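Colleague: Please see the structure below; I have some questions.
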Amino acid sequence: MLPSRRDVLRVGTVSVLAPGLAAGGSRPPQAKAVILLFMDGGPSHIDLFDLKPDAPAEVRGPFAPIATTVPGVRVCEHLPRLAARMHHVLQLRSVRHADAIHDPAVYLTLTGRRHPTPLGGLRTSPTTPRTSGRCSPPWRAGA
(Lines give C-alpha, C1' and ligand atoms only; values in the text may rest on other atoms or scores of the structure.)
Protein backbone atom coordinates (compact mmCIF):
# COMPACT_ATOMS: atom_id res chain seq x y z
CA MET A 1 0.00 0.00 0.00
CA LEU A 2 1.38 3.41 -0.96
CA PRO A 3 1.51 6.23 1.60
CA SER A 4 -1.11 8.95 1.28
CA ARG A 5 -0.26 12.60 0.63
CA ARG A 6 -1.10 13.26 4.29
CA ASP A 7 1.48 10.65 5.40
CA VAL A 8 4.13 12.15 3.10
CA LEU A 9 3.43 15.66 4.39
CA ARG A 10 3.51 14.47 7.99
CA VAL A 11 6.91 12.79 7.55
CA GLY A 12 8.22 15.76 5.56
CA THR A 13 7.14 18.20 8.27
CA VAL A 14 8.68 16.07 11.02
CA SER A 15 11.95 15.80 9.10
CA VAL A 16 12.15 19.59 8.74
CA LEU A 17 11.11 20.44 12.30
CA ALA A 18 12.86 17.56 14.09
CA PRO A 19 15.34 15.73 11.85
CA GLY A 20 16.24 13.12 14.48
CA LEU A 21 12.62 11.97 14.81
CA ALA A 22 12.11 11.27 11.10
CA ALA A 23 15.12 8.96 10.92
CA GLY A 24 13.78 6.27 13.19
CA GLY A 25 12.52 8.24 16.16
CA SER A 26 15.73 8.04 18.18
CA ARG A 27 16.85 11.13 20.04
CA PRO A 28 20.15 11.76 21.74
CA PRO A 29 20.09 10.77 25.43
CA GLN A 30 19.08 13.48 27.87
CA ALA A 31 20.41 14.05 31.35
CA LYS A 32 18.21 12.61 34.07
CA ALA A 33 19.60 14.82 36.80
CA VAL A 34 21.71 17.92 37.35
CA ILE A 35 23.69 18.80 40.44
CA LEU A 36 23.63 22.56 40.96
CA LEU A 37 26.20 23.84 43.44
CA PHE A 38 24.76 27.22 44.29
CA MET A 39 27.12 28.42 46.99
CA ASP A 40 25.45 31.66 48.02
CA GLY A 41 27.75 33.21 50.58
CA GLY A 42 30.57 30.81 49.70
CA PRO A 43 34.18 31.69 48.92
CA SER A 44 34.86 34.18 46.17
CA HIS A 45 35.53 32.89 42.66
CA ILE A 46 38.73 34.92 42.76
CA ASP A 47 39.97 32.71 45.62
CA LEU A 48 38.89 29.41 44.01
CA PHE A 49 38.81 29.54 40.21
CA ASP A 50 40.08 32.90 38.94
CA LEU A 51 43.18 33.42 41.02
CA LYS A 52 44.98 36.01 38.84
CA PRO A 53 48.50 35.06 40.01
CA ASP A 54 50.13 37.75 37.86
CA ALA A 55 47.92 40.57 39.19
CA PRO A 56 49.08 43.05 41.84
CA ALA A 57 48.90 41.83 45.45
CA GLU A 58 45.86 43.99 46.22
CA VAL A 59 43.89 42.28 43.41
CA ARG A 60 44.86 38.63 43.61
CA GLY A 61 43.88 36.31 46.42
CA PRO A 62 46.23 34.78 49.00
CA PHE A 63 46.17 31.26 47.49
CA ALA A 64 48.33 29.76 44.76
CA PRO A 65 46.92 28.17 41.58
CA ILE A 66 47.52 24.50 40.73
CA ALA A 67 47.19 22.69 37.40
CA THR A 68 44.12 20.56 36.63
CA THR A 69 43.43 17.70 34.22
CA VAL A 70 42.26 20.33 31.70
CA PRO A 71 45.18 22.05 29.94
CA GLY A 72 45.31 25.74 30.78
CA VAL A 73 42.73 25.55 33.60
CA ARG A 74 44.00 26.17 37.10
CA VAL A 75 42.22 26.12 40.47
CA CYS A 76 43.07 27.03 44.06
CA GLU A 77 45.76 25.02 45.84
CA HIS A 78 43.13 23.92 48.38
CA LEU A 79 41.15 22.03 45.69
CA PRO A 80 43.50 19.20 44.64
CA ARG A 81 40.72 16.60 44.40
CA LEU A 82 38.68 18.90 42.16
CA ALA A 83 41.79 19.56 40.05
CA ALA A 84 42.12 15.80 39.47
CA ARG A 85 38.49 15.61 38.25
CA MET A 86 38.23 18.91 36.41
CA HIS A 87 37.78 17.12 33.06
CA HIS A 88 34.35 16.04 34.40
CA VAL A 89 33.31 19.58 35.41
CA LEU A 90 31.41 22.14 33.37
CA GLN A 91 32.62 25.50 34.62
CA LEU A 92 30.44 28.46 33.58
CA ARG A 93 32.47 31.64 33.49
CA SER A 94 30.09 33.86 31.56
CA VAL A 95 27.23 34.35 34.01
CA ARG A 96 26.67 38.01 34.74
CA HIS A 97 24.01 40.45 35.84
CA ALA A 98 23.56 44.19 35.90
CA ASP A 99 21.90 44.43 39.33
CA ALA A 100 23.77 46.37 41.99
CA ILE A 101 22.39 44.04 44.68
CA HIS A 102 22.86 40.27 44.33
CA ASP A 103 19.49 39.13 45.78
CA PRO A 104 17.42 39.94 42.64
CA ALA A 105 20.13 38.40 40.44
CA VAL A 106 20.09 35.20 42.53
CA TYR A 107 16.31 35.04 42.19
CA LEU A 108 16.58 35.52 38.41
CA THR A 109 19.28 32.84 38.15
CA LEU A 110 17.31 30.23 40.08
CA THR A 111 13.82 30.94 38.72
CA GLY A 112 14.32 32.52 35.30
CA ARG A 113 12.10 35.45 36.34
CA ARG A 114 12.83 38.93 37.68
CA HIS A 115 12.04 39.47 41.36
CA PRO A 116 8.83 41.46 41.89
CA THR A 117 10.61 44.02 44.09
CA PRO A 118 13.74 45.93 43.07
CA LEU A 119 15.82 44.83 46.05
CA GLY A 120 14.62 41.22 46.05
CA GLY A 121 13.28 41.52 49.59
CA LEU A 122 16.59 42.75 50.99
CA ARG A 123 16.31 45.12 53.94
CA THR A 124 19.20 47.53 53.98
CA SER A 125 18.41 49.23 57.30
CA PRO A 126 16.02 48.85 60.27
CA THR A 127 13.74 51.52 58.76
CA THR A 128 13.51 49.99 55.28
CA PRO A 129 9.95 48.72 54.80
CA ARG A 130 9.44 44.99 54.31
CA THR A 131 9.04 43.99 50.68
CA SER A 132 8.68 40.22 50.96
CA GLY A 133 7.92 37.41 53.35
CA ARG A 134 11.52 37.04 54.49
CA CYS A 135 12.38 36.95 58.16
CA SER A 136 13.20 40.20 59.87
CA PRO A 137 16.81 40.89 60.77
CA PRO A 138 17.71 40.41 64.47
CA TRP A 139 17.27 44.10 65.32
CA ARG A 140 13.62 43.87 64.15
CA ALA A 141 12.73 40.61 65.90
CA GLY A 142 10.10 42.27 68.10
CA ALA A 143 8.51 44.29 65.30
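Numbering starts fresh at 1 for the residues of each chain in the C-alpha coordinates, the chains themselves are lettered A, B, ... in the order given, and ligands are numbered from 1 as they appear.
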Considering only C-alpha atoms, return as a tab-separated table (two decimals) with N, CA and C atoms, in the first residue's frame whatever protein or nucleic-acid residues lie within 8 Å of Thr68 in chain A, sequence-local ones (same chain, fewer than 2 positions apart) excluded.

Modeller:
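Saved as out_9.tsv:
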```
chain	number	residue	atom	x	y	z
A	66	ILE	N	46.92	25.79	41.09
A	66	ILE	CA	47.52	24.50	40.73
A	66	ILE	C	46.91	24.04	39.41
A	70	VAL	N	42.61	19.59	32.92
A	70	VAL	CA	42.26	20.33	31.70
A	70	VAL	C	43.40	21.30	31.41
A	71	PRO	N	44.06	21.16	30.26
A	71	PRO	CA	45.18	22.05	29.94
A	71	PRO	C	44.78	23.52	29.99
A	72	GLY	N	45.55	24.31	30.70
A	72	GLY	CA	45.31	25.74	30.78
A	72	GLY	C	44.33	26.17	31.87
A	73	VAL	N	43.68	25.22	32.52
A	73	VAL	CA	42.73	25.55	33.60
A	73	VAL	C	43.42	25.28	34.93
A	74	ARG	N	43.38	26.28	35.79
A	74	ARG	CA	44.00	26.17	37.10
A	74	ARG	C	42.97	26.49	38.17
A	75	VAL	N	43.11	25.87	39.34
A	75	VAL	CA	42.22	26.12	40.47
A	75	VAL	C	43.06	26.38	41.71
A	82	LEU	N	39.42	18.34	43.28
A	82	LEU	CA	38.68	18.90	42.16
A	82	LEU	C	39.60	19.03	40.94
A	83	ALA	N	40.84	19.43	41.15
A	83	ALA	CA	41.79	19.56	40.05
A	83	ALA	C	41.97	18.23	39.33
A	84	ALA	N	41.96	17.12	40.07
A	84	ALA	CA	42.12	15.80	39.47
A	84	ALA	C	40.89	15.36	38.67
A	85	ARG	N	39.74	15.98	38.94
A	85	ARG	CA	38.49	15.61	38.25
A	85	ARG	C	37.95	16.72	37.36
A	86	MET	N	38.72	17.74	37.13
A	86	MET	CA	38.23	18.91	36.41
A	86	MET	C	37.75	18.58	35.00
```

Colleague: Between CA of Pro62 in chain A and CA of Phe38 in chain A, measure the distance and give it in Å to one decimal.

Modeller: 23.2 Å

Colleague: Given the choices A:Asp50, A:His115, A:Pro65, A:His78, which gets closest to Asp99 in chain A if the distance is worked out from only C-alpha atoms?

Modeller: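 So, comparing all the options, the nearest one is A:His115.
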